[in-house]
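Asker: Contents of target_20.pdb (PDB, C-alpha atoms, pLDDT in the B column) are given next:
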ATOM      1  CA  MET A 956     -89.994 -30.399-109.916  1.00 79.00           C
ATOM      2  CA  CYS A 957     -86.490 -29.468-108.801  1.00 83.00           C
ATOM      3  CA  LYS A 958     -83.680 -27.231-109.963  1.00 82.00           C
ATOM      4  CA  LEU A 959     -80.055 -28.349-110.091  1.00 84.00           C
ATOM      5  CA  MET A 960     -77.586 -25.630-109.249  1.00 83.00           C
ATOM      6  CA  ASP A 961     -74.103 -24.943-107.977  1.00 88.00           C
ATOM      7  CA  TYR A 962     -74.486 -24.436-104.221  1.00 90.00           C
ATOM      8  CA  GLY A 963     -71.213 -22.485-103.914  1.00 92.00           C
ATOM      9  CA  LYS A 964     -72.387 -20.050-106.592  1.00 92.00           C
ATOM     10  CA  PHE A 965     -75.755 -19.704-104.853  1.00 91.00           C
ATOM     11  CA  LYS A 966     -74.081 -18.911-101.508  1.00 93.00           C
ATOM     12  CA  TYR A 967     -71.757 -16.379-103.167  1.00 94.00           C
ATOM     13  CA  GLU A 968     -74.636 -14.576-104.904  1.00 93.00           C
ATOM     14  CA  SER A 969     -76.738 -14.433-101.733  1.00 94.00           C
ATOM     15  CA  ALA A 970     -73.743 -13.075 -99.800  1.00 94.00           C
ATOM     16  CA  MET A 971     -73.243 -10.368-102.460  1.00 92.00           C
ATOM     17  CA  LYS A 972     -76.935  -9.378-102.254  1.00 91.00           C
ATOM     18  CA  ALA A 973     -76.696  -9.105 -98.478  1.00 90.00           C
ATOM     19  CA  ARG A 974     -73.529  -7.024 -98.798  1.00 89.00           C
ATOM     20  CA  GLU A 975     -75.223  -4.602-101.220  1.00 86.00           C
ATOM     21  CA  ALA A 976     -78.203  -4.272 -98.878  1.00 84.00           C
ATOM     22  CA  ARG A 977     -75.867  -3.475 -95.957  1.00 83.00           C
ATOM     23  CA  LYS A 978     -73.998  -0.910 -98.063  1.00 77.00           C
ATOM     24  CA  ASN A 979     -77.191   1.041 -98.670  1.00 71.00           C
ATOM     25  CA  GLN A 980     -78.205   0.991 -95.009  1.00 72.00           C
ATOM     26  CA  ALA A 981     -77.455   3.960 -92.801  1.00 69.00           C
ATOM     27  CA  HIS A 982     -76.865   3.763 -89.074  1.00 72.00           C
ATOM     28  CA  THR A 983     -78.499   6.503 -87.046  1.00 75.00           C
ATOM     29  CA  VAL A 984     -75.813   8.157 -84.997  1.00 80.00           C
ATOM     30  CA  ILE A 985     -76.398  10.698 -82.261  1.00 90.00           C
ATOM     31  CA  LYS A 986     -73.510  13.104 -81.847  1.00 92.00           C
ATOM     32  CA  GLU A 987     -73.304  15.151 -78.667  1.00 94.00           C
ATOM     33  CA  MET A 988     -72.212  18.746 -78.176  1.00 94.00           C
ATOM     34  CA  LYS A 989     -71.765  20.125 -74.656  1.00 95.00           C
ATOM     35  CA  LEU A 990     -72.090  23.823 -73.861  1.00 93.00           C
ATOM     36  CA  ARG A 991     -72.102  26.068 -70.810  1.00 93.00           C
ATOM     37  CA  PRO A 992     -74.504  28.990 -70.275  1.00 92.00           C
ATOM     38  CA  LYS A 993     -71.703  31.592 -70.170  1.00 91.00           C
ATOM     39  CA  ILE A 994     -70.067  30.553 -73.440  1.00 91.00           C
ATOM     40  CA  ASP A 995     -67.765  32.964 -75.281  1.00 93.00           C
ATOM     41  CA  PRO A 996     -68.996  34.089 -78.752  1.00 93.00           C
ATOM     42  CA  HIS A 997     -66.019  32.523 -80.555  1.00 95.00           C
ATOM     43  CA  ASP A 998     -66.450  29.231 -78.685  1.00 95.00           C
ATOM     44  CA  TYR A 999     -70.155  29.300 -79.551  1.00 94.00           C
ATOM     45  CA  ASP A1000     -69.313  29.758 -83.251  1.00 95.00           C
ATOM     46  CA  THR A1001     -66.879  26.831 -83.116  1.00 95.00           C
ATOM     47  CA  LYS A1002     -69.431  24.545 -81.463  1.00 94.00           C
ATOM     48  CA  LYS A1003     -72.105  25.712 -83.909  1.00 94.00           C
ATOM     49  CA  GLY A1004     -69.737  24.791 -86.770  1.00 94.00           C
ATOM     50  CA  HIS A1005     -69.452  21.273 -85.369  1.00 95.00           C
ATOM     51  CA  VAL A1006     -73.247  21.010 -85.108  1.00 94.00           C
ATOM     52  CA  VAL A1007     -73.581  22.203 -88.727  1.00 93.00           C
ATOM     53  CA  ARG A1008     -71.056  19.582 -89.870  1.00 92.00           C
ATOM     54  CA  PHE A1009     -72.886  16.809 -88.013  1.00 91.00           C
ATOM     55  CA  LEU A1010     -76.252  17.832 -89.479  1.00 91.00           C
ATOM     56  CA  LYS A1011     -74.776  18.009 -92.997  1.00 89.00           C
ATOM     57  CA  GLN A1012     -73.522  14.445 -92.534  1.00 87.00           C
ATOM     58  CA  GLY A1013     -77.092  13.409 -91.691  1.00 86.00           C
ATOM     59  CA  ASP A1014     -76.498  12.704 -87.997  1.00 89.00           C
ATOM     60  CA  LYS A1015     -78.710  13.717 -85.093  1.00 92.00           C
ATOM     61  CA  VAL A1016     -77.170  16.090 -82.568  1.00 94.00           C
ATOM     62  CA  LYS A1017     -77.835  16.044 -78.839  1.00 96.00           C
ATOM     63  CA  ILE A1018     -76.990  19.408 -77.295  1.00 95.00           C
ATOM     64  CA  THR A1019     -76.347  19.430 -73.571  1.00 95.00           C
ATOM     65  CA  ILE A1020     -75.993  22.572 -71.494  1.00 95.00           C
ATOM     66  CA  MET A1021     -74.254  21.930 -68.206  1.00 95.00           C
ATOM     67  CA  PHE A1022     -75.140  24.169 -65.263  1.00 93.00           C
ATOM     68  CA  ARG A1023     -72.832  24.593 -62.290  1.00 92.00           C
ATOM     69  CA  GLY A1024     -73.322  26.367 -58.987  1.00 90.00           C
ATOM     70  CA  ARG A1025     -75.441  29.508 -59.255  1.00 90.00           C
ATOM     71  CA  GLU A1026     -76.115  28.873 -62.950  1.00 90.00           C
ATOM     72  CA  GLN A1027     -78.663  26.235 -61.872  1.00 89.00           C
ATOM     73  CA  SER A1028     -80.978  28.984 -60.623  1.00 90.00           C
ATOM     74  CA  ARG A1029     -81.034  30.571 -64.134  1.00 89.00           C
ATOM     75  CA  PRO A1030     -82.259  27.839 -66.526  1.00 91.00           C
ATOM     76  CA  GLU A1031     -83.692  30.505 -68.865  1.00 92.00           C
ATOM     77  CA  LEU A1032     -80.121  31.349 -69.943  1.00 91.00           C
ATOM     78  CA  GLY A1033     -79.633  27.791 -71.174  1.00 92.00           C
ATOM     79  CA  PHE A1034     -83.062  27.755 -72.799  1.00 93.00           C
ATOM     80  CA  ARG A1035     -82.268  30.976 -74.705  1.00 93.00           C
ATOM     81  CA  LEU A1036     -78.910  29.583 -75.804  1.00 94.00           C
ATOM     82  CA  LEU A1037     -80.531  26.404 -77.145  1.00 93.00           C
ATOM     83  CA  GLN A1038     -83.199  28.408 -78.977  1.00 94.00           C
ATOM     84  CA  ARG A1039     -80.489  30.623 -80.521  1.00 93.00           C
ATOM     85  CA  LEU A1040     -78.542  27.567 -81.696  1.00 93.00           C
ATOM     86  CA  ALA A1041     -81.686  25.981 -83.139  1.00 92.00           C
ATOM     87  CA  SER A1042     -82.535  29.158 -85.064  1.00 93.00           C
ATOM     88  CA  ASP A1043     -78.937  29.409 -86.366  1.00 92.00           C
ATOM     89  CA  VAL A1044     -79.069  25.903 -87.876  1.00 91.00           C
ATOM     90  CA  GLU A1045     -82.763  25.731 -88.817  1.00 90.00           C
ATOM     91  CA  ASP A1046     -81.952  25.434 -92.551  1.00 91.00           C
ATOM     92  CA  LEU A1047     -80.031  22.172 -91.877  1.00 89.00           C
ATOM     93  CA  GLY A1048     -82.044  20.629 -89.050  1.00 89.00           C
ATOM     94  CA  PHE A1049     -85.109  20.819 -86.865  1.00 91.00           C
ATOM     95  CA  ILE A1050     -85.812  20.479 -83.152  1.00 92.00           C
ATOM     96  CA  GLU A1051     -86.596  16.837 -82.570  1.00 91.00           C
ATOM     97  CA  SER A1052     -87.067  17.138 -78.825  1.00 90.00           C
ATOM     98  CA  ASN A1053     -87.639  20.454 -77.097  1.00 92.00           C
ATOM     99  CA  PRO A1054     -85.227  21.651 -74.402  1.00 92.00           C
ATOM    100  CA  LYS A1055     -85.883  20.030 -71.057  1.00 92.00           C
ATOM    101  CA  GLN A1056     -84.117  20.295 -67.718  1.00 92.00           C
ATOM    102  CA  ASP A1057     -82.606  17.055 -66.441  1.00 87.00           C
ATOM    103  CA  GLY A1058     -80.972  17.720 -63.084  1.00 89.00           C
ATOM    104  CA  ARG A1059     -77.902  19.877 -63.704  1.00 92.00           C
ATOM    105  CA  ASN A1060     -78.223  19.569 -67.487  1.00 93.00           C
ATOM    106  CA  MET A1061     -80.599  20.888 -70.111  1.00 94.00           C
ATOM    107  CA  ILE A1062     -80.945  18.681 -73.187  1.00 95.00           C
ATOM    108  CA  MET A1063     -82.255  19.253 -76.710  1.00 95.00           C
ATOM    109  CA  VAL A1064     -82.019  16.995 -79.782  1.00 95.00           C
ATOM    110  CA  LEU A1065     -81.730  18.330 -83.333  1.00 94.00           C
ATOM    111  CA  GLY A1066     -82.500  16.128 -86.327  1.00 91.00           C
ATOM    112  CA  PRO A1067     -81.269  16.689 -89.893  1.00 90.00           C
ATOM    113  CA  HIS A1068     -83.674  17.609 -92.699  1.00 87.00           C
ATOM    114  CA  LYS A1069     -82.048  15.141 -95.101  1.00 79.00           C
ATOM    115  CA  LYS A1070     -81.568  11.470 -94.446  1.00 79.00           C
ATOM    116  CA  LYS A1071     -78.181   9.897 -93.794  1.00 75.00           C
ATOM    117  CA  THR A1072     -78.233   8.029 -97.137  1.00 75.00           C
ATOM    118  CA  GLU A1073     -78.840  11.287 -99.042  1.00 80.00           C
ATOM    119  CA  ALA A1074     -75.984  12.972 -97.186  1.00 79.00           C
ATOM    120  CA  MET A1075     -73.660  10.027 -97.907  1.00 79.00           C
ATOM    121  CA  ALA A1076     -74.557  10.097-101.624  1.00 81.00           C
ATOM    122  CA  GLU A1077     -73.975  13.863-101.764  1.00 82.00           C
ATOM    123  CA  ALA A1078     -70.585  13.469-100.073  1.00 82.00           C
ATOM    124  CA  ARG A1079     -69.573  10.757-102.569  1.00 84.00           C
ATOM    125  CA  GLU A1080     -70.540  12.999-105.509  1.00 87.00           C
ATOM    126  CA  ALA A1081     -68.583  15.938-104.079  1.00 86.00           C
ATOM    127  CA  GLN A1082     -65.546  13.720-103.520  1.00 87.00           C
ATOM    128  CA  ALA A1083     -65.725  12.405-107.091  1.00 89.00           C
ATOM    129  CA  ALA A1084     -65.973  15.977-108.429  1.00 90.00           C
ATOM    130  CA  ARG A1085     -62.935  17.044-106.382  1.00 89.00           C
ATOM    131  CA  LYS A1086     -60.989  14.018-107.613  1.00 89.00           C
ATOM    132  CA  ALA A1087     -61.909  14.777-111.238  1.00 89.00           C
ATOM    133  CA  GLY A1088     -60.883  18.413-110.724  1.00 87.00           C
ATOM    134  CA  ARG A1089     -57.528  17.361-109.300  1.00 85.00           C
ATOM    135  CA  GLN A1090     -56.868  14.982-112.183  1.00 84.00           C
ATOM    136  CA  GLY A1091     -57.734  17.735-114.696  1.00 77.00           C
ATOM    137  CA  SER A1092     -55.238  20.126-113.092  1.00 72.00           C
ATOM    138  CA  THR A1093     -52.480  17.485-112.981  1.00 67.00           C
ATOM    139  CA  ASP A1094     -53.091  16.659-116.676  1.00 64.00           C
ATOM    140  CA  ALA A1095     -52.696  20.345-117.569  1.00 59.00           C
ATOM    141  CA  ALA A1096     -49.513  20.557-115.470  1.00 59.00           C
ATOM    142  CA  SER A1097     -48.047  17.485-117.182  1.00 58.00           C
ATOM    143  CA  GLU A1098     -48.811  19.017-120.612  1.00 60.00           C
ATOM    144  CA  ASP A1099     -47.017  22.214-119.557  1.00 58.00           C
ATOM    145  CA  GLY A1100     -44.034  20.152-118.391  1.00 58.00           C
ATOM    146  CA  ALA A1101     -43.935  18.233-121.712  1.00 55.00           C
ATOM    147  CA  ALA A1102     -44.042  21.495-123.690  1.00 54.00           C
ATOM    148  CA  GLU A1103     -41.197  22.981-121.624  1.00 55.00           C
ATOM    149  CA  ALA A1104     -39.119  19.820-122.156  1.00 55.00           C
ATOM    150  CA  SER A1105     -39.555  20.112-125.944  1.00 55.00           C
ATOM    151  CA  GLY A1106     -38.451  23.772-125.868  1.00 59.00           C
ATOM    152  CA  GLU A1107     -41.900  25.284-126.533  1.00 57.00           C
ATOM    153  CA  THR A1108     -43.738  27.684-124.284  1.00 54.00           C
ATOM    154  CA  PRO A1109     -46.960  26.311-122.774  1.00 51.00           C
ATOM    155  CA  SER A1110     -49.058  28.712-124.872  1.00 52.00           C
ATOM    156  CA  GLU A1111     -47.470  27.424-128.137  1.00 50.00           C
ATOM    157  CA  ALA A1112     -48.274  23.793-127.292  1.00 44.00           C
TER
END
Just dump the structure as structure tokens.
Answerer:
Amino acid sequence: MCKLMDYGKFKYESAMKAREARKNQAHTVIKEMKLRPKIDPHDYDTKKGHVVRFLKQGDKVKITIMFRGREQSRPELGFRLLQRLASDVEDLGFIESNPKQDGRNMIMVLGPHKKKTEAMAEAREAQAARKAGRQGSTDAASEDGAAEASGETPSEA
């Protein structure tokens, strides 16, 4: 038994299926944030904001603390800083690998609680809601402009 079919159509449909499968895939990306043990509070908040953004996007974050000179004799400062950062973002991510000293650097990896695909879907929904909100406000503005052109006040229209 055999089936006669259009080969071009078959190739097109298989290519479309493969494209859809690729669209739903998510690449695991590791973002890196570098800190120093004697970081200023404002700089820490800025870096923490970046870490929060990365975790919300569903990416893993590798946090590196670089020690220089005498700082190398005080690794507990870096350890405390990493623990503080992990506790600040614990609602968005978890410690995937505990802090460990690697020469002059101390490294820790944070993983997001939600998967990359969930984060991408959430971002698409938020973008669609913003777009719908913008279109609603421009429609109202165009109605106000049409009422003013006809000599009516916007409340009378």
Asker: Sorted by chain and rising residue number, which residues of range 1041-1095 of chain A lie within 7 Å of range 1013-1024 of chain A, and what are their closest atom pairs and distances in Å to one decimal, counting only C-alpha atoms, as a tab-separated table?
Answerer:
residue	atom	partner	partner_atom	distance
A:Arg1059	CA	A:Phe1022	CA	5.3
A:Asn1060	CA	A:Met1021	CA	4.7
A:Met1061	CA	A:Ile1020	CA	5.1
A:Ile1062	CA	A:Thr1019	CA	4.7
A:Met1063	CA	A:Ile1018	CA	5.3
A:Val1064	CA	A:Lys1017	CA	4.4
A:Leu1065	CA	A:Val1016	CA	5.1
A:Gly1066	CA	A:Lys1015	CA	4.7
A:Pro1067	CA	A:Gly1013	CA	5.6
A:Lys1069	CA	A:Gly1013	CA	6.3
A:Lys1070	CA	A:Gly1013	CA	5.6
A:Lys1071	CA	A:Gly1013	CA	4.2
A:Ala1074	CA	A:Gly1013	CA	5.6
Asker: With all atoms listed in the file as the atoms that count, which of A:Lys1055, A:Tyr962, A:Arg1085, A:Thr1072 lies nearest to Arg977 in chain A?
Answerer: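 Once distances to Arg977 in chain A are computed over all atoms listed in the file, the minimum belongs to A:Thr1072.
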Asker: Between A:Ala1087, A:Met988, A:Ala1076, A:Leu1036, which has the minimum distance to Arg1008 in chain A (counting only C-alpha atoms)?
Answerer: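 Nearest candidate to Arg1008 in chain A out of A:Ala1087, A:Met988, A:Ala1076, A:Leu1036: A:Met988.
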Asker: What does the distance from CA of Met956 in chain A to CA of Glu968 in chain A come to in Å, to one decimal?
Answerer: 22.6 Å
Asker: Would you work out the distance separating CA of Asp1046 in chain A from CA of Arg991 in chain A, expressed in Å to one decimal?
Answerer: 23.9 Å
Asker: Translate the PyMOL selection byres ((chain A and resi 1040) around 12), as applied to the file shown, into an explicit residue set as an NGL selection string.
Answerer: :A and (988 or 990 or 996 or 999-1007 or 1016-1020 or 1033-1039 or 1041-1050 or 1054 or 1063-1065)
Asker: Measuring atom to atom with only C-alpha atoms, identify which of A:Asp961, A:Lys966, A:Met971, A:Leu1010 is nearest to Val984 in chain A.
Answerer: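 Closest to Val984 in chain A, using only C-alpha atoms: A:Leu1010.
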